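This report concerns only the one structure given below.
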Amino acid sequence: MSANQEASPAAFELDKVSKRYGNLMALDQVSLAFAAGSSTALIGSSGSGKSTLLRVLLGLEWPDQGTVKADGLVLVREHVLELRRRVGYVIQDGGLFPHLTALGNLALLPHHLGWSRERIRERAEALVALTHLPQSALDRYPAELSGGQRQRVALMRGLMLDPDALLLDEPLGALDPIVRHELQDELKQIFERLGKTVIVVTHDIAEAAWFADRIVLMRQGRVIQDGSLDDLRQRPADPFVTRFVQAQRTLGDAA
Ligand SMILES: Nc1ncnc2c1ncn2[C@@H]1O[C@H](COP(=O)(O)OP(=O)(O)OP(=O)(O)O)[C@@H](O)[C@H]1O
């Protein structure tokens, strides 16, 4: 995905996309565009369709109706493998293969693409520096890593092929508050430094606002509001937005 120019197409675009599982509308006429190089947070209650939206963008699920475009081109099955090489995908708990070391997990796709061992090691070491993973962790199995280290390896795996975009599905959901806070800082710096298109799913509105100026709030497969944190707080599009914002506890509530 090319640099952020006025004339360049959106990195991703959904046009009236619907996805149904049996009677359940996981996505209901969703239209959204994500500019190249932009960061967006998707929030919403459980089951509102956030993960499905990411999966549809990656061609892991196919809409029943509507079109998905990547870089201005309608996504078709023949292009999905090529798209996945250009888009890093990071999920909660990392989704690492337990029988492979961290380096083995990082090497899987590059090895498949014919990269040499030296090139893989070199890229992994560059990412160790970027993500602050201890070097020694590369040779450990996922069960021998902390939750934060596993998430760092998962992020490194998403970045191995230097993708144009990163889709992150609750990347920090399973972490303790201190590690989560640390990784929020680091991820934000990484996003800013790399300038990639980022779409991050989170349940936490403060985290959403930390990562992105643009917040898309979903409910029951629909986009309820698309704007800034300020828009959500000051100009809620629906009473649900206010309920969602107010449902996030702050320390002040406990005092
Ligand atoms: N493969 C599937 N088969 C059947 N139903 C599914 C499938 N995947 C998702 N769903 C349903 O579609 C709806 C949207 O799911 P999705 O995972 O996209 O929501 P979400 O907003 O990411 O939720 P959470 O925040 O809990 O992860 C849910 O009701 C879910 O149960």
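Scheme for the structure tokens: letters A, B, ... for chains in order shown; per-chain residue numbers from 1; ligand numbers from 1 in order shown.
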
Test item: residues no farther than 9 Å from ligand 1, counting only C-alpha atoms and all ligand atoms, as a ChimeraX atom specification: /A:19-22,24-27,42-55,61,169-170,201-203,218-221

All residues 8 Å or closer to Asp15 (chain A), only C-alpha atoms, same chain fewer than 6 positions away omitted, as an MDAnalysis selection string: chainID A and resid 29:32 66:68

Within 12 Å of Gly158 (chain A) using only C-alpha atoms, minus same-chain residues under 6 positions, as a ChimeraX atom specification: /A:84-91,94-96,105-110,124,127,131,151-152,164-169,171,198

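Across the structure, CA of Gly104 (chain A) and CA of Leu187 (chain A) are spaced 22.8 Å apart.
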
CA of Arg193 (chain A) to CA of Lys69 (chain A), distance in Å rounded to a single decimal: 25.7 Å

DSSP strand (DSSP E) residues within region 8-160 of chain A, as a VMD selection string: chain A and resid 12 to 21 24 to 34 39 to 44 65 to 70 73 to 74 87 to 91

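Nearest residue to Gly37 (chain A) among A:Leu113, A:Leu81, A:Ile199, A:Val223 is A:Ile199, counting only C-alpha atoms.
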
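Counting only C-alpha atoms, the residue from A:Leu133, A:Met156, A:Asp64, A:Gly148 that sits nearest to Pro177 (chain A) is A:Gly148.
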
Length of the CA of Ile205 (chain A) to CA of Gln92 (chain A) vector [Å]: 17.0 Å

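Minimum atom-to-atom distances from A:Pro236, A:Lys188, A:Ala154, A:Thr197 to Phe12 (chain A) were compared using only C-alpha atoms, and the lowest value belongs to A:Thr197.
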
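Of the listed residues (A:Phe240, A:Ala70, A:Trp62, A:Leu57), A:Ala70 comes nearest to Ala11 (chain A); the distances count only C-alpha atoms.
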
Selection: 8 Å around Pro98 (chain A), only C-alpha atoms, excl. self and same-chain fewer than 2 positions, as a CSV table (one decimal) with N, CA and C atoms, in the first residue's frame:
chain,number,residue,atom,x,y,z
A,96,LEU,N,0.4,-18.6,18.7
A,96,LEU,CA,1.7,-19.2,18.3
A,96,LEU,C,1.6,-20.7,18.3
A,100,LEU,N,6.7,-25.1,18.3
A,100,LEU,CA,7.9,-24.4,17.6
A,100,LEU,C,8.4,-23.3,18.6
A,101,THR,N,9.7,-23.1,18.6
A,101,THR,CA,10.3,-22.0,19.4
A,101,THR,C,9.7,-20.6,18.8
A,141,TYR,N,10.2,-21.9,23.8
A,141,TYR,CA,8.9,-22.3,23.3
A,141,TYR,C,7.8,-21.4,23.9
A,142,PRO,N,6.7,-21.2,23.2
A,142,PRO,CA,5.7,-20.3,23.8
A,142,PRO,C,5.4,-20.5,25.3
A,143,ALA,N,5.3,-21.8,25.7
A,143,ALA,CA,5.0,-22.1,27.1
A,143,ALA,C,6.1,-21.6,28.0
